[in-house]
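Colleague: This is the structure I want to talk about, given as structure tokens.
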Amino acid sequence: MDNEAWAWDLLLSQSTQVLLCDLQKQIVARSKTTDMETLAKSAGVLLELAKLFALPTTLSVVPEGENPPELIPELRNSGFAQEKLRASTSPFTEPSTVEVLARSERKVLVIGGFATEVVVLHAVLDARKRGYQVLVPVDACGGMSERTEQAALRQIEAAGATTTSVVSIATKLAPDFMSDLGKQMFGIVQKLRIS
């Protein structure tokens with residue numbers, strides 16, 4: 001079984017965790033491939049799904065000058081996501097982030113954020129080196145340009161990660177819309193359709 005199929009087949013609530021990077025108000029405003037509102041909505045839905053399915057979630061953030069990082073409103077006050085500060089291109093250069101991710105013992109990692117060409121790419125490459133199976137929901141990512149983001153996504157796929165979407169991840173985690181969990185999931189992903 002190839003790596004891409006393996007990541008998808010392992011996507012279960014007990015094997016998965018989420019890493020969202022640099023989804024800070026001033027940073028996300030620079031996205032040229034996914035508008036800020038859409039990116040924020042997708043990331044917010046992904047965070048709600050993480051809470052519903054009890055997926056450990058880490059929010060990797062960078063300093064904003066002298067001010068503390070300001071997350072987009074959809075990620076603030078989650079009540080369960082851990083926020084980790086870093087000053088590099090990859091969350092995996094920050095020992096406390098590496099420890100938090102390893103501690104969960106969940107080897108499927110969903111990675112999103114801005115910019116796809118920087119933090120998402122480097123997080124994926126570093127995660128793959130550490131043996132994680134990686135899923136990248138492209139609607140929870142934003143890039144600096146169409147051309148450079150597409151190059152990064154090709155590199156991400158060449159490294160063995162799977163590109164997907166928030167709704168695809170949600171429906172894989174709860175494929176039965178009639179179950180209680182499926183109904184709750186369906187209610188959450190409906191927010192992606194509201195304009």
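Identifiers in this document derive from the order of the structure tokens: chains are assigned A, B, ..., residues are numbered from 1 separately in each chain, and ligands are numbered from 1 in order of occurrence.
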Find the residues of range 42-145 of chain A that sit at most 9 Å from range 171-192 of chain A; for each, write down the nearest two atoms and how far apart they are in Å, to one decimal. Count only C-alpha atoms. Sort by chain, then by number going up, and give it as a tab-separated table.

Modeller:
```
residue	atom	partner	partner_atom	distance
A:Ser42	CA	A:Leu192	CA	6.6
A:Val45	CA	A:Ile188	CA	6.5
A:Leu46	CA	A:Val189	CA	8.7
A:Glu48	CA	A:Ile188	CA	7.2
A:Leu49	CA	A:Met185	CA	6.9
A:Leu52	CA	A:Met185	CA	7.6
A:Phe53	CA	A:Leu173	CA	7.9
```

Colleague: Can those selected residues be exported to a file as a PDB file, in the first residue's frame so that it contains C-alpha atoms?

Modeller:
```
ATOM      1  CA  SER A  42     -12.345  26.213   6.956  1.00  0.00           C
ATOM      2  CA  VAL A  45     -14.668  24.112  11.044  1.00  0.00           C
ATOM      3  CA  LEU A  46     -11.565  21.911  11.259  1.00  0.00           C
ATOM      4  CA  GLU A  48     -14.742  22.261  15.682  1.00  0.00           C
ATOM      5  CA  LEU A  49     -14.335  18.817  14.115  1.00  0.00           C
ATOM      6  CA  LEU A  52     -16.041  16.779  18.241  1.00  0.00           C
ATOM      7  CA  PHE A  53     -13.755  13.830  17.471  1.00  0.00           C
TER       8      PHE A  53
END
```

Colleague: What lies within 10 Å of range 28-31 of chain A using only C-alpha atoms, ignoring chain neighbours under 2 positions off, as number ranges by chain?

Modeller: A: 22-26, 33-37, 39-40, 71-72, 113-116, 141-145

Colleague: For the residues selected in the previous step, produce a file with C-alpha atoms as an mmCIF file, in the first residue's frame.

Modeller:
```cif
data_model
loop_
_atom_site.group_PDB
_atom_site.id
_atom_site.type_symbol
_atom_site.label_atom_id
_atom_site.label_comp_id
_atom_site.auth_asym_id
_atom_site.auth_seq_id
_atom_site.Cartn_x
_atom_site.Cartn_y
_atom_site.Cartn_z
ATOM 1 C CA ASP A 22 0.344 30.714 11.664
ATOM 2 C CA LEU A 23 -3.410 31.237 11.454
ATOM 3 C CA GLN A 24 -2.982 34.683 12.879
ATOM 4 C CA LYS A 25 -5.053 37.648 11.796
ATOM 5 C CA GLN A 26 -2.252 39.768 10.298
ATOM 6 C CA THR A 33 -4.923 31.776 -2.994
ATOM 7 C CA THR A 34 -7.642 31.384 -0.366
ATOM 8 C CA ASP A 35 -9.375 34.540 0.778
ATOM 9 C CA MET A 36 -9.144 35.286 4.488
ATOM 10 C CA GLU A 37 -12.838 34.621 5.177
ATOM 11 C CA LEU A 39 -9.541 30.169 5.068
ATOM 12 C CA ALA A 40 -10.758 31.252 8.509
ATOM 13 C CA LEU A 71 -5.153 34.119 16.304
ATOM 14 C CA ILE A 72 -7.999 34.482 13.832
ATOM 15 C CA GLY A 113 -2.091 27.065 7.813
ATOM 16 C CA PHE A 114 -0.457 29.965 6.041
ATOM 17 C CA ALA A 115 1.660 29.982 4.008
ATOM 18 C CA THR A 116 1.488 26.693 2.162
ATOM 19 C CA CYS A 141 -4.300 26.515 3.776
ATOM 20 C CA GLY A 142 -3.428 29.742 2.022
ATOM 21 C CA GLY A 143 -0.581 30.569 -0.299
ATOM 22 C CA MET A 144 1.404 33.558 -1.449
ATOM 23 C CA SER A 145 0.540 32.972 -5.114
#
```

Colleague: What's around Leu153 in chain A at 9 Å? Count only C-alpha atoms, leave out sequence neighbours fewer than 5 positions away in its own chain, and write the answer as a VMD selection string.

Modeller: chain A and resid 116 to 117 121 136 138 148 158 163

Colleague: Skip Pro69 in chain A itself and residues of its chain fewer than 2 positions away, then list as a list in words all residues within 12 Å of it, counting only C-alpha atoms.

Modeller: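 In the requested form, the answer reads Cys21, Asp22, Leu23, Gln24, Lys25, Gln26, Ile27, Leu59, Ser60, Val61, Val62, Pro63, Glu64, Gly65, Glu66, Asn67, Leu71, Ile72, Leu75, Arg76, Glu83, Lys84, Leu85, Arg86 and Ala87 of chain A.
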
Colleague: Residues at most 7 Å from Thr162 in chain A, counting only C-alpha atoms, excluding those fewer than 3 positions away in the same chain, as a list in words?

Modeller: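 Final neighbour list, sorted by chain and number: Glu4, Val134, Leu135, Val136 and Glu157 of chain A.
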
Colleague: Please identify every residue of range 15-47 of chain A that has at least one atom no farther than 12 Å from an atom of range 97-105 of chain A, counting only C-alpha atoms, and for each give the shortest atom pair and the distance in Å to one decimal, arranged by chain then increasing number, as a tab-separated table.

Modeller:
```
residue	atom	partner	partner_atom	distance
A:Ser15	CA	A:Glu105	CA	7.8
A:Thr16	CA	A:Glu105	CA	9.0
A:Gln17	CA	A:Leu101	CA	7.9
A:Val18	CA	A:Leu101	CA	9.0
A:Leu19	CA	A:Leu101	CA	8.6
A:Leu20	CA	A:Thr97	CA	11.7
A:Cys21	CA	A:Thr97	CA	11.5
```

Colleague: Taking the backbone alone, and naming residues the way the document does, which bits of range 20-119 of chain A are strand (DSSP E) by DSSP, as a ChimeraX atom specification?

Modeller: /A:20-21,57-61,82-85,108-114

Colleague: Which residue is closest to Leu109 in chain A? Choose from A:Ser88, A:Ala43, A:Ala50, A:Pro95 and count only C-alpha atoms.

Modeller: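 Checking each candidate against Leu109 in chain A, we get A:Ala50 as the closest.
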
Colleague: Considering only C-alpha atoms, can you say which of A:Glu149, A:Asp126, A:Glu94, A:Asp139 comes closest to Ser168 in chain A?

Modeller: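 Closest candidate: A:Asp139.
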
Colleague: Apply DSSP to the structure's backbone, then extract all residues of range 11-169 of chain A labelled alpha helix (DSSP H) and return them as an mmCIF file with C-alpha atoms, in the first residue's frame.

Modeller:
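Output (selection.cif):
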```cif
data_model
loop_
_atom_site.group_PDB
_atom_site.id
_atom_site.type_symbol
_atom_site.label_atom_id
_atom_site.label_comp_id
_atom_site.auth_asym_id
_atom_site.auth_seq_id
_atom_site.Cartn_x
_atom_site.Cartn_y
_atom_site.Cartn_z
ATOM 1 C CA LYS A 25 -5.053 37.648 11.796
ATOM 2 C CA GLN A 26 -2.252 39.768 10.298
ATOM 3 C CA ILE A 27 -0.579 36.794 8.627
ATOM 4 C CA VAL A 28 -3.682 35.204 7.065
ATOM 5 C CA MET A 36 -9.144 35.286 4.488
ATOM 6 C CA GLU A 37 -12.838 34.621 5.177
ATOM 7 C CA THR A 38 -12.814 31.214 3.469
ATOM 8 C CA LEU A 39 -9.541 30.169 5.068
ATOM 9 C CA ALA A 40 -10.758 31.252 8.509
ATOM 10 C CA LYS A 41 -14.072 29.442 8.054
ATOM 11 C CA SER A 42 -12.345 26.213 6.956
ATOM 12 C CA ALA A 43 -9.847 26.362 9.826
ATOM 13 C CA GLY A 44 -12.644 27.086 12.295
ATOM 14 C CA VAL A 45 -14.668 24.112 11.044
ATOM 15 C CA LEU A 46 -11.565 21.911 11.259
ATOM 16 C CA LEU A 47 -11.081 23.026 14.871
ATOM 17 C CA GLU A 48 -14.742 22.261 15.682
ATOM 18 C CA LEU A 49 -14.335 18.817 14.115
ATOM 19 C CA ALA A 50 -11.166 18.248 16.138
ATOM 20 C CA LYS A 51 -13.130 19.012 19.292
ATOM 21 C CA LEU A 52 -16.041 16.779 18.241
ATOM 22 C CA PRO A 95 11.158 20.955 21.072
ATOM 23 C CA SER A 96 7.962 21.530 23.084
ATOM 24 C CA THR A 97 5.852 21.191 19.913
ATOM 25 C CA VAL A 98 7.672 17.997 18.912
ATOM 26 C CA GLU A 99 7.058 16.621 22.422
ATOM 27 C CA VAL A 100 3.340 17.499 22.423
ATOM 28 C CA LEU A 101 2.825 15.868 19.023
ATOM 29 C CA ALA A 102 4.781 12.737 19.998
ATOM 30 C CA ARG A 103 3.058 12.413 23.380
ATOM 31 C CA LEU A 121 5.507 22.678 3.457
ATOM 32 C CA HIS A 122 8.265 22.538 6.078
ATOM 33 C CA ALA A 123 5.946 21.050 8.708
ATOM 34 C CA VAL A 124 4.890 18.327 6.269
ATOM 35 C CA LEU A 125 8.457 17.492 5.253
ATOM 36 C CA ASP A 126 9.609 17.363 8.879
ATOM 37 C CA ALA A 127 6.566 15.320 9.940
ATOM 38 C CA ARG A 128 7.201 12.781 7.188
ATOM 39 C CA LYS A 129 10.844 12.456 8.299
ATOM 40 C CA GLU A 146 -1.207 30.298 -7.190
ATOM 41 C CA ARG A 147 2.045 29.371 -8.892
ATOM 42 C CA THR A 148 4.139 29.007 -5.747
ATOM 43 C CA GLU A 149 1.401 27.241 -3.795
ATOM 44 C CA GLN A 150 0.953 24.660 -6.558
ATOM 45 C CA ALA A 151 4.698 24.001 -6.522
ATOM 46 C CA ALA A 152 4.556 23.490 -2.743
ATOM 47 C CA LEU A 153 1.561 21.141 -3.010
ATOM 48 C CA ARG A 154 3.417 19.039 -5.600
ATOM 49 C CA GLN A 155 6.387 18.837 -3.237
ATOM 50 C CA ILE A 156 4.074 17.904 -0.355
ATOM 51 C CA GLU A 157 2.531 15.074 -2.407
ATOM 52 C CA ALA A 158 5.971 13.914 -3.606
ATOM 53 C CA VAL A 166 -11.846 19.634 5.478
ATOM 54 C CA VAL A 167 -15.162 18.082 4.407
ATOM 55 C CA SER A 168 -13.414 14.949 3.092
ATOM 56 C CA ILE A 169 -11.668 14.494 6.437
#
```

Colleague: Report the distance between CA of Ser90 in chain A and CA of Gly112 in chain A in Å, rounded to one decimal place.

Modeller: 12.3 Å
